[in-house]
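Containing mmCIF, C-alpha atoms: upload-v1.cif.
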```
data_entry
#
loop_
_atom_site.label_atom_id
_atom_site.label_comp_id
_atom_site.auth_asym_id
_atom_site.auth_seq_id
_atom_site.Cartn_x
_atom_site.Cartn_y
_atom_site.Cartn_z
CA MET A 1053 96.16 71.90 62.95
CA LEU A 1054 96.98 75.61 62.89
CA LYS A 1055 93.35 76.43 63.70
CA ILE A 1056 93.48 74.14 66.73
CA LEU A 1057 96.65 75.85 67.96
CA TYR A 1058 94.97 79.26 67.64
CA ILE A 1059 91.99 78.03 69.66
CA VAL A 1060 94.15 76.47 72.37
CA GLY A 1061 96.33 79.58 72.51
CA GLY A 1062 93.27 81.77 72.85
CA LEU A 1063 91.95 79.67 75.70
CA VAL A 1064 95.29 79.88 77.51
CA VAL A 1065 95.43 83.67 77.12
CA ALA A 1066 91.86 83.99 78.34
CA ALA A 1067 92.55 81.77 81.35
CA VAL A 1068 95.71 83.68 82.30
CA GLY A 1069 93.91 86.98 81.84
CA GLY A 1070 91.07 85.78 84.05
CA LEU A 1071 93.48 84.73 86.77
CA LEU A 1072 95.22 88.11 86.68
CA LEU A 1073 91.88 89.91 86.74
CA TYR A 1074 90.39 88.02 89.65
CA SER A 1075 93.44 87.04 91.70
CA LEU A 1076 93.41 88.68 95.09
CA GLY A 1077 95.98 91.24 96.08
CA GLN A 1078 96.26 93.77 98.90
CA ARG A 1079 94.89 97.27 98.80
CA ALA A 1080 94.80 99.93 101.48
CA VAL A 1081 92.61 102.91 102.21
CA ALA A 1082 93.33 105.80 104.55
CA TYR A 1083 90.94 107.15 107.13
CA GLU A 1084 90.89 109.79 109.83
CA LEU A 1085 89.61 108.38 113.10
CA LYS A 1086 87.79 110.94 115.24
CA LEU A 1087 87.06 109.28 118.58
CA THR A 1088 84.79 110.74 121.26
CA VAL A 1089 84.47 108.94 124.61
CA LEU A 1090 81.63 109.87 126.98
CA ASP A 1091 80.48 108.79 130.41
CA ALA A 1092 77.03 107.37 131.09
CA GLN A 1093 75.57 110.90 131.40
CA GLY A 1094 76.94 111.94 128.02
CA GLN A 1095 79.77 114.06 129.42
CA PRO A 1096 83.35 113.76 128.12
CA LEU A 1097 85.43 111.16 129.89
CA PRO A 1098 88.30 112.81 131.84
CA PRO A 1099 91.71 112.83 130.10
CA GLN A 1100 93.28 109.40 130.40
CA ARG A 1101 95.37 106.81 128.61
CA LEU A 1102 94.17 105.32 125.35
CA LEU A 1103 95.80 102.40 123.53
CA LEU A 1104 95.58 101.61 119.83
CA TRP A 1105 96.52 97.98 119.27
CA ASP A 1106 97.16 95.48 116.51
CA ARG A 1107 98.24 91.86 116.79
CA SER A 1108 101.12 92.38 114.37
CA SER A 1109 102.39 95.83 115.37
CA GLY A 1110 101.64 95.81 119.10
CA GLN A 1111 100.04 98.54 121.19
CA HIS A 1112 100.67 102.30 121.13
CA GLU A 1113 99.74 104.70 123.92
CA PHE A 1114 98.00 108.05 123.47
CA ARG A 1115 95.69 110.21 125.62
CA LEU A 1116 92.17 111.52 125.41
CA ASP A 1117 92.00 115.32 125.56
CA GLN A 1118 89.84 117.50 127.82
CA ALA A 1119 86.86 116.96 125.51
CA GLY A 1120 87.24 113.18 125.70
CA GLN A 1121 88.44 113.12 122.10
CA PHE A 1122 91.28 111.69 120.05
CA THR A 1123 92.11 112.07 116.34
CA ARG A 1124 94.52 109.97 114.30
CA GLU A 1125 95.29 109.24 110.64
CA LEU A 1126 95.15 105.48 110.09
CA SER A 1127 94.98 102.97 107.25
CA GLU A 1128 93.14 99.71 106.60
CA SER A 1129 94.43 96.93 104.32
CA PHE A 1130 92.14 94.43 102.62
CA GLY A 1131 92.09 91.80 99.90
CA SER A 1132 90.94 93.01 96.49
CA SER A 1133 91.14 92.14 92.79
CA ALA A 1134 91.21 94.33 89.71
CA VAL A 1135 87.41 94.49 89.80
CA GLY A 1136 87.03 95.24 93.51
CA PRO A 1137 86.06 95.69 96.21
CA LEU A 1138 87.33 99.25 96.51
CA ARG A 1139 87.04 99.47 100.30
CA PRO A 1140 87.29 97.02 103.19
CA GLU A 1141 84.17 95.27 104.44
CA SER A 1142 84.78 96.92 107.81
CA PHE A 1143 87.21 99.33 109.47
CA GLY A 1144 88.66 97.68 112.57
CA VAL A 1145 89.05 100.22 115.38
CA ARG A 1146 90.99 98.45 118.14
CA LEU A 1147 91.09 100.30 121.47
CA ALA A 1148 91.98 99.77 125.11
CA PHE A 1149 91.37 101.97 128.15
CA PRO A 1150 93.91 100.71 130.71
CA ASP A 1151 92.72 103.11 133.42
CA LEU A 1152 89.26 101.52 133.23
CA ALA A 1153 90.00 97.82 132.67
CA PRO A 1154 92.82 95.53 131.39
CA LEU A 1155 90.80 94.61 128.28
CA TYR A 1156 91.08 95.13 124.53
CA TYR A 1157 88.09 96.17 122.40
CA TRP A 1158 87.57 95.59 118.68
CA PHE A 1159 84.92 97.75 116.99
CA ALA A 1160 84.23 96.68 113.39
CA VAL A 1161 82.71 99.70 111.61
CA ARG A 1162 80.89 98.79 108.39
CA GLY A 1163 78.94 102.00 107.89
CA SER A 1164 77.14 104.82 109.66
CA GLY A 1165 74.83 104.18 112.61
CA PRO A 1166 74.85 102.24 115.90
CA LEU A 1167 77.23 99.28 116.02
CA PRO A 1168 75.33 96.04 116.70
CA SER A 1169 78.20 94.57 118.73
CA TYR A 1170 81.93 94.64 119.43
CA GLU A 1171 84.54 92.07 120.48
CA VAL A 1172 86.47 92.02 123.75
CA TYR A 1173 89.80 90.26 124.46
CA ASN A 1174 92.08 89.81 127.47
CA ASP A 1175 95.21 90.66 125.47
CA TYR A 1176 96.19 92.05 122.08
CA TYR A 1177 98.58 89.33 120.87
CA SER A 1178 96.73 85.99 121.17
CA TYR A 1179 95.26 84.81 117.88
CA GLY A 1180 91.95 83.04 117.56
CA THR A 1181 89.65 82.71 120.56
CA THR A 1182 92.10 81.68 123.29
CA GLN A 1183 91.68 85.09 125.02
CA TRP A 1184 88.31 86.06 123.57
CA VAL A 1185 86.01 87.35 126.35
CA GLY A 1186 82.95 87.56 124.11
CA ASP A 1187 80.93 89.87 121.89
CA PHE A 1188 78.98 92.65 123.60
CA ASP A 1189 76.57 95.47 122.93
CA ALA A 1190 75.45 98.29 125.25
CA LYS A 1191 73.34 95.90 127.35
CA GLY A 1192 75.61 92.87 127.74
CA PHE A 1193 76.73 89.66 126.04
CA VAL A 1194 75.50 88.98 122.51
CA ARG A 1195 77.82 86.01 121.82
CA ARG A 1196 79.61 83.71 124.29
CA GLN A 1197 80.60 80.89 121.95
CA THR A 1198 81.39 80.42 118.28
CA LYS A 1199 79.37 78.44 115.78
CA PRO A 1200 80.42 74.76 115.47
CA ALA A 1201 83.32 74.19 113.07
CA ALA A 1202 83.25 71.50 110.39
CA GLN A 1203 84.36 68.99 113.04
CA GLY A 1204 81.72 70.24 115.48
CA VAL A 1205 84.25 72.09 117.66
CA VAL A 1206 82.87 75.10 119.54
CA ALA A 1207 85.04 77.80 121.15
CA ALA A 1208 83.68 79.35 124.35
CA ALA A 1209 84.48 82.77 125.74
CA VAL A 1210 86.89 83.03 128.67
CA PRO A 1211 86.44 85.14 131.84
CA PRO A 1212 87.71 88.71 131.59
CA ARG A 1213 90.76 89.83 133.48
CA GLY A 1214 89.52 91.49 136.64
CA GLY A 1215 86.10 89.86 136.31
CA ARG A 1216 84.36 92.90 134.83
CA VAL A 1217 83.78 94.36 131.38
CA PRO A 1218 82.97 98.07 130.99
CA ARG A 1219 80.30 98.22 128.29
CA TRP A 1220 79.89 100.83 125.56
CA GLN A 1221 77.14 102.16 123.37
CA ALA A 1222 78.96 102.68 120.06
CA THR A 1223 77.80 104.88 117.18
CA ALA A 1224 79.77 105.60 114.00
CA THR A 1225 79.64 107.93 111.03
CA LEU A 1226 81.66 106.75 108.01
CA GLN A 1227 82.08 109.00 104.95
CA ARG A 1228 84.21 109.25 101.82
CA ALA A 1229 86.68 112.11 101.87
CA GLY A 1230 88.35 112.09 98.44
CA LYS A 1231 91.82 110.65 97.94
CA THR A 1232 95.24 110.89 99.54
CA PRO A 1233 98.19 112.43 97.64
CA ASP A 1234 99.37 108.91 96.74
CA GLY A 1235 96.00 108.05 95.18
CA ARG A 1236 94.42 105.93 97.91
CA ARG A 1237 90.78 106.33 98.83
CA LYS A 1238 90.28 108.34 102.01
CA TYR A 1239 87.48 108.26 104.59
CA THR A 1240 86.50 109.98 107.80
CA LEU A 1241 85.34 107.76 110.65
CA ASP A 1242 83.67 109.44 113.64
CA LEU A 1243 83.25 106.91 116.47
CA THR A 1244 81.42 107.87 119.66
CA LEU A 1245 81.59 105.57 122.68
CA ARG A 1246 79.27 106.18 125.63
CA GLN A 1247 79.57 104.20 128.83
CA SER A 1248 76.60 101.90 129.41
CA GLY A 1249 77.40 100.05 132.62
CA VAL A 1250 79.64 97.18 133.64
CA GLU A 1251 79.22 93.45 133.02
CA ILE A 1252 80.28 91.46 136.09
CA VAL A 1253 81.57 88.02 135.07
CA GLU A 1254 82.74 85.45 137.62
CA ALA A 1255 82.99 82.49 135.26
CA LEU A 1256 81.55 81.39 131.93
CA SER A 1257 80.26 77.88 131.40
CA ARG A 1258 81.87 76.05 128.50
#
```
Would you mind writing the file out in structure tokens?
Amino acid sequence: MLKILYIVGGLVVAAVGGLLLYSLGQRAVAYELKLTVLDAQGQPLPPQRLLLWDRSSGQHEFRLDQAGQFTRELSESFGSSAVGPLRPESFGVRLAFPDLAPLYYWFAVRGSGPLPSYEVYNDYYSYGTTQWVGDFDAKGFVRRQTKPAAQGVVAAAVPPRGGRVPRWQATATLQRAGKTPDGRRKYTLDLTLRQSGVEIVEALSR
């Protein structure tokens, strides 16, 4: 009987330990965003308003400098267990250029190199796809509707406010940069956006 209790007790301890080891929690890493915004000829965009946005904390206004640049210390939270991952799958750089268009851009940076696409929204506070304009690259649309859900439901993109979407060619360099004083991992993220034309959208078929 005692032997059985030892075995059962060991299994319980192992199960609890496994749950503690693999249960997801929240981690955060710090990164320095170095943004450079260029026109179609590769020249710095004139100084103008720049918005950083987040659906939970709202939007915050800054300005590009004379070199078309902006630098800011930011952080990224992500789910992680005791065994990892140690960094987020992507760093979400969320920008708006209100002097160019009333739209909100989401650049998901996973590593160094050209970004395959980015997301565009009509506002910064609507969750899901209710104000999703679509996914774009430097040449135009790459996604106008989502994959069917389990019930077969498909979400289609909506027309952009103003009927036009300024497009960007986006290139990133992501590197480790040691740790912060409080022990978090730190990165540098250089993101260069170069204008690549305008997508004119009158209406999207659903």
Exercise for the section: Using the chain letters and numbers from the file, give me the residues hit by the PyMOL selection byres ((chain A and resi 1225) around 8), as number ranges by chain. Expected result: A: 1163-1165, 1223-1224, 1226-1227, 1240-1243
Handout entry: Selection under test: the PyMOL selection byres ((chain A and resi 1232) around 12); residues as a VMD selection string
Key = chain A and resid 1080 to 1084 1125 to 1127 1228 to 1231 1233 to 1239
Practice task
Tell me which protein, DNA and RNA residues are within 12 Å of segment 1107-1114 of chain A, counting only C-alpha atoms, leaving out same-chain ones fewer than 2 positions away, and put them as a list in words.
Solution key: Pro1099, Gln1100, Arg1101, Leu1102, Leu1103, Leu1104, Trp1105, Leu1116, Asp1117, Gln1121, Phe1122, Thr1123, Arg1124, Gly1144, Arg1146, Leu1147, Ala1148, Phe1149, Pro1150, Asp1151, Tyr1156, Trp1158, Tyr1173, Asp1175, Tyr1176, Tyr1177, Ser1178, Tyr1179 and Gly1180 of chain A
Problem - Selection as a list in words: residues within 7 Å of (79.1, 96.6, 105.3), counting all atoms listed in the file - result: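 Returned residue set, sorted by chain then number, is Glu1141, Ser1142, Arg1162 and Gly1163 of chain A.
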Handout entry: Residues within 12 Å of Pro1168 of chain A, all atoms listed in the file, excluding chain neighbours under 6 positions, as a VMD selection string
Key = chain A and resid 1159 to 1162 1187 to 1195 1220 to 1224
Please produce a file of those selected residues containing C-alpha atoms, as a PDB file, in the coordinates of the input.
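Below is the file that was written, part.pdb:
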```pdb
ATOM      1  CA  PHE A1159      84.920  97.750 116.990  1.00  0.00           C
ATOM      2  CA  ALA A1160      84.230  96.680 113.390  1.00  0.00           C
ATOM      3  CA  VAL A1161      82.710  99.700 111.610  1.00  0.00           C
ATOM      4  CA  ARG A1162      80.890  98.790 108.390  1.00  0.00           C
ATOM      5  CA  ASP A1187      80.930  89.870 121.890  1.00  0.00           C
ATOM      6  CA  PHE A1188      78.980  92.650 123.600  1.00  0.00           C
ATOM      7  CA  ASP A1189      76.570  95.470 122.930  1.00  0.00           C
ATOM      8  CA  ALA A1190      75.450  98.290 125.250  1.00  0.00           C
ATOM      9  CA  LYS A1191      73.340  95.900 127.350  1.00  0.00           C
ATOM     10  CA  GLY A1192      75.610  92.870 127.740  1.00  0.00           C
ATOM     11  CA  PHE A1193      76.730  89.660 126.040  1.00  0.00           C
ATOM     12  CA  VAL A1194      75.500  88.980 122.510  1.00  0.00           C
ATOM     13  CA  ARG A1195      77.820  86.010 121.820  1.00  0.00           C
ATOM     14  CA  TRP A1220      79.890 100.830 125.560  1.00  0.00           C
ATOM     15  CA  GLN A1221      77.140 102.160 123.370  1.00  0.00           C
ATOM     16  CA  ALA A1222      78.960 102.680 120.060  1.00  0.00           C
ATOM     17  CA  THR A1223      77.800 104.880 117.180  1.00  0.00           C
ATOM     18  CA  ALA A1224      79.770 105.600 114.000  1.00  0.00           C
TER      19      ALA A1224
END
```
Practice task
Considering all atoms listed in the file, state which residue in the set A:Val1253, A:Gly1077, A:Arg1219, A:Trp1184 is at the smallest distance from Ala1207 of chain A.
Solution key: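 Nearest to Ala1207 of chain A: A:Trp1184.
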Practice task
Mind giving me the straight-line distance from atom CA of Leu1152 of chain A to atom CA of Asp1091 of chain A in Å, one decimal?
Solution key: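 Interatomic distance here is 11.7 Å.
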Problem - Pairwise distance for atom CA of Gly1120 of chain A and atom CA of Gly1186 of chain A, rounded to one decimal in Å - result: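 Here the two named atoms are 26.0 Å from each other.
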Handout entry: Coordinates-based distance that separates atom CA of Ala1153 of chain A from atom CA of Gln1095 of chain A (Å, one decimal)
Key =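 A separation of 19.5 Å between them.
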Practice task
Rank nothing, just name the residue among A:Pro1140, A:Gly1094, A:Gly1249, A:Gly1204 nearest to Pro1218 of chain A, using only C-alpha atoms.
Solution key: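 Among the listed residues, the smallest separation from Pro1218 of chain A belongs to A:Gly1249.
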Exercise for the section: Find, counting only C-alpha atoms, the residue in A:Pro1166, A:Thr1198, A:Val1145, A:Gly1131 that gets nearest to Arg1246 of chain A. Expected result: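 Nearest candidate to Arg1246 of chain A out of A:Pro1166, A:Thr1198, A:Val1145, A:Gly1131: A:Pro1166.
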Problem - A:Val1217, A:Leu1097, A:Leu1087, A:Val1172 ranked by distance to Glu1254 of chain A, top pick (using all atoms listed in the file) - result: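 That would be A:Val1217, the residue with the smallest distance to Glu1254 of chain A.
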Problem - Polymer residues at most 7 Å from (91.7, 91.1, 132.6) by all atoms listed in the file, as a list in words - result: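 So the residues meeting the distance criterion are Ala1153, Pro1154, Leu1155, Asn1174, Pro1212, Arg1213, Gly1214 and Gly1215 of chain A.
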Exercise for the section: Determine the nearest neighbour of Leu1245 of chain A from the options A:Gln1118, A:Ala1202, A:Pro1098, A:Leu1167, counting only C-alpha atoms. Expected result: A:Leu1167
Produce the centre coordinates and the three edge lengths, each in Å to one decimal, of the box along x, y and z that contains all listed atoms of segment 1153-1163 of chain A with 8 Å added on each side, as AutoDock Vina command-line options.
```
--center_x 85.9 --center_y 98.3 --center_z 120.3 --size_x 29.9 --size_y 23.4 --size_z 40.8
```
Starting from the sparse input, extend segment 1145-1156 of chain A to all heavy atoms and give the output as a PDB file, in the frame of the given file.
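Result file part.pdb:
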```pdb
ATOM      1  N   VAL A1145      88.524  99.275 114.394  1.00  0.00           N
ATOM      2  CA  VAL A1145      89.050 100.220 115.380  1.00  0.00           C
ATOM      3  C   VAL A1145      89.312  99.439 116.664  1.00  0.00           C
ATOM      4  O   VAL A1145      88.391  98.975 117.329  1.00  0.00           O
ATOM      5  CB  VAL A1145      88.050 101.364 115.642  1.00  0.00           C
ATOM      6  CG1 VAL A1145      88.645 102.361 116.637  1.00  0.00           C
ATOM      7  CG2 VAL A1145      87.703 102.073 114.329  1.00  0.00           C
ATOM      8  N   ARG A1146      90.579  99.288 117.000  1.00  0.00           N
ATOM      9  CA  ARG A1146      90.990  98.450 118.140  1.00  0.00           C
ATOM     10  C   ARG A1146      91.520  99.356 119.257  1.00  0.00           C
ATOM     11  O   ARG A1146      92.545 100.025 119.072  1.00  0.00           O
ATOM     12  CB  ARG A1146      92.029  97.426 117.690  1.00  0.00           C
ATOM     13  CG  ARG A1146      91.455  96.382 116.729  1.00  0.00           C
ATOM     14  CD  ARG A1146      92.516  95.504 116.122  1.00  0.00           C
ATOM     15  NE  ARG A1146      93.271  96.211 115.099  1.00  0.00           N
ATOM     16  CZ  ARG A1146      92.924  96.240 113.806  1.00  0.00           C
ATOM     17  NH1 ARG A1146      91.834  95.613 113.385  1.00  0.00           N
ATOM     18  NH2 ARG A1146      93.665  96.893 112.933  1.00  0.00           N
ATOM     19  N   LEU A1147      90.808  99.363 120.390  1.00  0.00           N
ATOM     20  CA  LEU A1147      91.090 100.300 121.470  1.00  0.00           C
ATOM     21  C   LEU A1147      91.219  99.581 122.804  1.00  0.00           C
ATOM     22  O   LEU A1147      90.670  98.501 123.001  1.00  0.00           O
ATOM     23  CB  LEU A1147      89.958 101.329 121.591  1.00  0.00           C
ATOM     24  CG  LEU A1147      89.566 102.107 120.339  1.00  0.00           C
ATOM     25  CD1 LEU A1147      88.299 102.900 120.603  1.00  0.00           C
ATOM     26  CD2 LEU A1147      90.699 103.025 119.909  1.00  0.00           C
ATOM     27  N   ALA A1148      91.938 100.214 123.718  1.00  0.00           N
ATOM     28  CA  ALA A1148      91.980  99.770 125.110  1.00  0.00           C
ATOM     29  C   ALA A1148      92.022 100.999 125.999  1.00  0.00           C
ATOM     30  O   ALA A1148      92.598 102.030 125.630  1.00  0.00           O
ATOM     31  CB  ALA A1148      93.200  98.884 125.367  1.00  0.00           C
ATOM     32  N   PHE A1149      91.402 100.894 127.174  1.00  0.00           N
ATOM     33  CA  PHE A1149      91.370 101.970 128.150  1.00  0.00           C
ATOM     34  C   PHE A1149      91.940 101.426 129.456  1.00  0.00           C
ATOM     35  O   PHE A1149      91.196 101.001 130.342  1.00  0.00           O
ATOM     36  CB  PHE A1149      89.929 102.473 128.341  1.00  0.00           C
ATOM     37  CG  PHE A1149      89.271 102.927 127.068  1.00  0.00           C
ATOM     38  CD1 PHE A1149      88.498 102.042 126.321  1.00  0.00           C
ATOM     39  CD2 PHE A1149      89.440 104.224 126.600  1.00  0.00           C
ATOM     40  CE1 PHE A1149      87.893 102.456 125.150  1.00  0.00           C
ATOM     41  CE2 PHE A1149      88.835 104.638 125.422  1.00  0.00           C
ATOM     42  CZ  PHE A1149      88.059 103.755 124.689  1.00  0.00           C
ATOM     43  N   PRO A1150      93.268 101.393 129.576  1.00  0.00           N
ATOM     44  CA  PRO A1150      93.910 100.710 130.710  1.00  0.00           C
ATOM     45  C   PRO A1150      93.555 101.285 132.071  1.00  0.00           C
ATOM     46  O   PRO A1150      93.684 100.582 133.084  1.00  0.00           O
ATOM     47  CB  PRO A1150      95.401 100.843 130.400  1.00  0.00           C
ATOM     48  CG  PRO A1150      95.498 102.007 129.464  1.00  0.00           C
ATOM     49  CD  PRO A1150      94.248 101.978 128.656  1.00  0.00           C
ATOM     50  N   ASP A1151      93.119 102.545 132.140  1.00  0.00           N
ATOM     51  CA  ASP A1151      92.720 103.110 133.420  1.00  0.00           C
ATOM     52  C   ASP A1151      91.328 102.656 133.841  1.00  0.00           C
ATOM     53  O   ASP A1151      90.925 102.863 134.992  1.00  0.00           O
ATOM     54  CB  ASP A1151      92.761 104.645 133.359  1.00  0.00           C
ATOM     55  CG  ASP A1151      94.163 105.172 133.110  1.00  0.00           C
ATOM     56  OD1 ASP A1151      95.129 104.504 133.539  1.00  0.00           O
ATOM     57  OD2 ASP A1151      94.305 106.233 132.474  1.00  0.00           O
ATOM     58  N   LEU A1152      90.590 102.035 132.922  1.00  0.00           N
ATOM     59  CA  LEU A1152      89.260 101.520 133.230  1.00  0.00           C
ATOM     60  C   LEU A1152      89.251 100.017 133.432  1.00  0.00           C
ATOM     61  O   LEU A1152      88.576  99.505 134.325  1.00  0.00           O
ATOM     62  CB  LEU A1152      88.279 101.884 132.106  1.00  0.00           C
ATOM     63  CG  LEU A1152      88.030 103.368 131.835  1.00  0.00           C
ATOM     64  CD1 LEU A1152      87.060 103.525 130.667  1.00  0.00           C
ATOM     65  CD2 LEU A1152      87.470 104.048 133.073  1.00  0.00           C
ATOM     66  N   ALA A1153      89.973  99.285 132.590  1.00  0.00           N
ATOM     67  CA  ALA A1153      90.000  97.820 132.670  1.00  0.00           C
ATOM     68  C   ALA A1153      91.132  97.289 131.808  1.00  0.00           C
ATOM     69  O   ALA A1153      91.485  97.897 130.787  1.00  0.00           O
ATOM     70  CB  ALA A1153      88.667  97.233 132.199  1.00  0.00           C
ATOM     71  N   PRO A1154      91.718  96.138 132.168  1.00  0.00           N
ATOM     72  CA  PRO A1154      92.820  95.530 131.390  1.00  0.00           C
ATOM     73  C   PRO A1154      92.284  94.707 130.223  1.00  0.00           C
ATOM     74  O   PRO A1154      92.627  93.536 130.065  1.00  0.00           O
ATOM     75  CB  PRO A1154      93.525  94.668 132.428  1.00  0.00           C
ATOM     76  CG  PRO A1154      92.417  94.216 133.331  1.00  0.00           C
ATOM     77  CD  PRO A1154      91.454  95.378 133.416  1.00  0.00           C
ATOM     78  N   LEU A1155      91.462  95.313 129.375  1.00  0.00           N
ATOM     79  CA  LEU A1155      90.800  94.610 128.280  1.00  0.00           C
ATOM     80  C   LEU A1155      91.035  95.350 126.968  1.00  0.00           C
ATOM     81  O   LEU A1155      91.334  96.548 126.949  1.00  0.00           O
ATOM     82  CB  LEU A1155      89.291  94.501 128.553  1.00  0.00           C
ATOM     83  CG  LEU A1155      88.886  93.753 129.820  1.00  0.00           C
ATOM     84  CD1 LEU A1155      87.392  93.898 130.063  1.00  0.00           C
ATOM     85  CD2 LEU A1155      89.278  92.281 129.727  1.00  0.00           C
ATOM     86  N   TYR A1156      90.833  94.602 125.863  1.00  0.00           N
ATOM     87  CA  TYR A1156      91.080  95.130 124.530  1.00  0.00           C
ATOM     88  C   TYR A1156      89.800  94.987 123.690  1.00  0.00           C
ATOM     89  O   TYR A1156      89.256  93.897 123.560  1.00  0.00           O
ATOM     90  CB  TYR A1156      92.258  94.403 123.882  1.00  0.00           C
ATOM     91  CG  TYR A1156      93.561  94.671 124.592  1.00  0.00           C
ATOM     92  CD1 TYR A1156      93.897  93.960 125.751  1.00  0.00           C
ATOM     93  CD2 TYR A1156      94.417  95.662 124.159  1.00  0.00           C
ATOM     94  CE1 TYR A1156      95.076  94.228 126.438  1.00  0.00           C
ATOM     95  CE2 TYR A1156      95.606  95.940 124.836  1.00  0.00           C
ATOM     96  CZ  TYR A1156      95.922  95.218 125.979  1.00  0.00           C
ATOM     97  OH  TYR A1156      97.093  95.498 126.655  1.00  0.00           O
TER      98      TYR A1156
END
```
